[in-house]
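J.: What follows is a structure written as structure tokens; I'll ask about it next.
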Amino acid sequence: QVQMVESGGGLVQAGGSLRLSCSASLRIFSIYALGWFRQAPRKEREFVAAMGGSDTHYADSVKGRFTISRDNAKNTVYLQMNSLKPEDTAVYYCAATRPPYSRQRLTGGPSAYDYWGQGTQVTVSS
């Protein structure tokens, strides 16, 4: 059974930084595309960032502030979040999907992903 476990969430002041981590018990981790989504109260889950092969994709709202990366040797994906804003407050989820994948598929929405973590809360105070 695949498990994906996020960590690194917490409370931070506006302008601060956090780094989220997600470890995954995926066989052949390197072949999977990985993504981060977030869900704020009373809102739908939305795409944040994804990495497929050597390509990275970001939502416009986080471009230039967030960076997705991965360490295949550790079966881990990261989300470095800088210059955080109160509107970044949400539960953040990591996700993985098998190939084949495209930019459209990876950024299209949660249904494209096969495996999910349980989420980690990020709260940005003003």
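For the structure tokens, the naming scheme is as follows: chains receive sequential letters (A, B, ...) according to their order of presentation, residues are indexed from 1 within each chain, and ligands are indexed from 1 in presentation order.
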Check segment 13-126 of chain A with DSSP on the backbone and list each residue it calls helix (DSSP H, G or I), as an NGL selection string.
T.: :A and (29-31 or 72-74 or 86-88 or 103-108 or 110-112)
J.: Could you please take those selected residues and save N, CA, C and O atoms as an mmCIF file, in the first residue's frame?
T.:
```cif
data_model
loop_
_atom_site.group_PDB
_atom_site.id
_atom_site.type_symbol
_atom_site.label_atom_id
_atom_site.label_comp_id
_atom_site.auth_asym_id
_atom_site.auth_seq_id
_atom_site.Cartn_x
_atom_site.Cartn_y
_atom_site.Cartn_z
ATOM 1 N N PHE A 29 10.416 5.318 -7.440
ATOM 2 C CA PHE A 29 9.952 6.678 -7.167
ATOM 3 C C PHE A 29 10.269 7.617 -8.320
ATOM 4 O O PHE A 29 9.466 8.496 -8.649
ATOM 5 N N SER A 30 11.401 7.430 -8.952
ATOM 6 C CA SER A 30 11.881 8.392 -9.941
ATOM 7 C C SER A 30 10.981 8.503 -11.162
ATOM 8 O O SER A 30 11.036 9.503 -11.882
ATOM 9 N N ILE A 31 10.152 7.508 -11.436
ATOM 10 C CA ILE A 31 9.341 7.578 -12.650
ATOM 11 C C ILE A 31 8.061 8.393 -12.450
ATOM 12 O O ILE A 31 7.404 8.753 -13.424
ATOM 13 N N ASN A 72 15.330 11.757 -5.370
ATOM 14 C CA ASN A 72 14.910 10.395 -5.684
ATOM 15 C C ASN A 72 15.562 9.359 -4.772
ATOM 16 O O ASN A 72 14.981 8.307 -4.507
ATOM 17 N N ALA A 73 16.752 9.649 -4.285
ATOM 18 C CA ALA A 73 17.433 8.713 -3.390
ATOM 19 C C ALA A 73 16.714 8.585 -2.053
ATOM 20 O O ALA A 73 16.822 7.563 -1.375
ATOM 21 N N LYS A 74 15.976 9.629 -1.690
ATOM 22 C CA LYS A 74 15.244 9.630 -0.414
ATOM 23 C C LYS A 74 13.743 9.453 -0.602
ATOM 24 O O LYS A 74 12.989 9.540 0.370
ATOM 25 N N PRO A 86 -0.689 35.808 3.758
ATOM 26 C CA PRO A 86 -1.853 35.224 4.452
ATOM 27 C C PRO A 86 -2.728 34.372 3.544
ATOM 28 O O PRO A 86 -3.298 33.366 3.991
ATOM 29 N N GLU A 87 -2.828 34.735 2.283
ATOM 30 C CA GLU A 87 -3.659 33.954 1.351
ATOM 31 C C GLU A 87 -3.055 32.605 0.992
ATOM 32 O O GLU A 87 -3.691 31.804 0.314
ATOM 33 N N ASP A 88 -1.830 32.338 1.432
ATOM 34 C CA ASP A 88 -1.242 31.004 1.251
ATOM 35 C C ASP A 88 -1.713 30.035 2.330
ATOM 36 O O ASP A 88 -1.398 28.840 2.262
ATOM 37 N N ARG A 103 2.131 18.636 -19.197
ATOM 38 C CA ARG A 103 1.899 19.844 -18.421
ATOM 39 C C ARG A 103 0.404 20.011 -18.158
ATOM 40 O O ARG A 103 -0.018 20.321 -17.046
ATOM 41 N N GLN A 104 -0.394 19.762 -19.190
ATOM 42 C CA GLN A 104 -1.840 19.930 -19.046
ATOM 43 C C GLN A 104 -2.388 18.996 -17.979
ATOM 44 O O GLN A 104 -3.236 19.378 -17.175
ATOM 45 N N ARG A 105 -1.904 17.764 -17.985
ATOM 46 C CA ARG A 105 -2.405 16.783 -17.028
ATOM 47 C C ARG A 105 -1.937 17.128 -15.608
ATOM 48 O O ARG A 105 -2.734 17.091 -14.671
ATOM 49 N N LEU A 106 -0.686 17.486 -15.469
ATOM 50 C CA LEU A 106 -0.144 17.735 -14.135
ATOM 51 C C LEU A 106 -0.736 18.972 -13.481
ATOM 52 O O LEU A 106 -0.828 19.047 -12.247
ATOM 53 N N THR A 107 -1.112 19.957 -14.289
ATOM 54 C CA THR A 107 -1.644 21.199 -13.742
ATOM 55 C C THR A 107 -3.162 21.274 -13.831
ATOM 56 O O THR A 107 -3.766 22.266 -13.431
ATOM 57 N N GLY A 108 -3.774 20.207 -14.349
ATOM 58 C CA GLY A 108 -5.202 20.251 -14.628
ATOM 59 C C GLY A 108 -6.096 20.084 -13.421
ATOM 60 O O GLY A 108 -7.237 20.531 -13.431
ATOM 61 N N PRO A 110 -6.807 17.784 -9.323
ATOM 62 C CA PRO A 110 -6.519 16.626 -8.478
ATOM 63 C C PRO A 110 -6.802 15.275 -9.119
ATOM 64 O O PRO A 110 -6.148 14.281 -8.774
ATOM 65 N N SER A 111 -7.746 15.206 -10.032
ATOM 66 C CA SER A 111 -8.135 13.904 -10.578
ATOM 67 C C SER A 111 -7.024 13.234 -11.367
ATOM 68 O O SER A 111 -7.079 12.029 -11.627
ATOM 69 N N ALA A 112 -6.011 13.987 -11.765
ATOM 70 C CA ALA A 112 -4.905 13.409 -12.543
ATOM 71 C C ALA A 112 -3.938 12.607 -11.688
ATOM 72 O O ALA A 112 -3.093 11.895 -12.221
#
```
J.: Using only C-alpha atoms, which of A:Gln121, A:Ala50, A:Gly15, A:Gly10 sits nearest Val91 of chain A?
T.: A:Gln121
J.: Need to verify the contact set: Tyr93 of chain A, 10 Å, only C-alpha atoms, exclusion of same-chain residues closer than 3 positions in sequence. Can you return it as a ChimeraX atom specification?
T.: /A:4-7,20,22,35-39,45-48,90,116-121
J.: As a PyMOL selection string, please: all residues of chain A that backbone DSSP puts in strand (DSSP E or B).
T.: chain A and resi 4-7+10-13+18-24+33-39+46-52+55-58+66-71+76-81+90-97+115-116+120-125
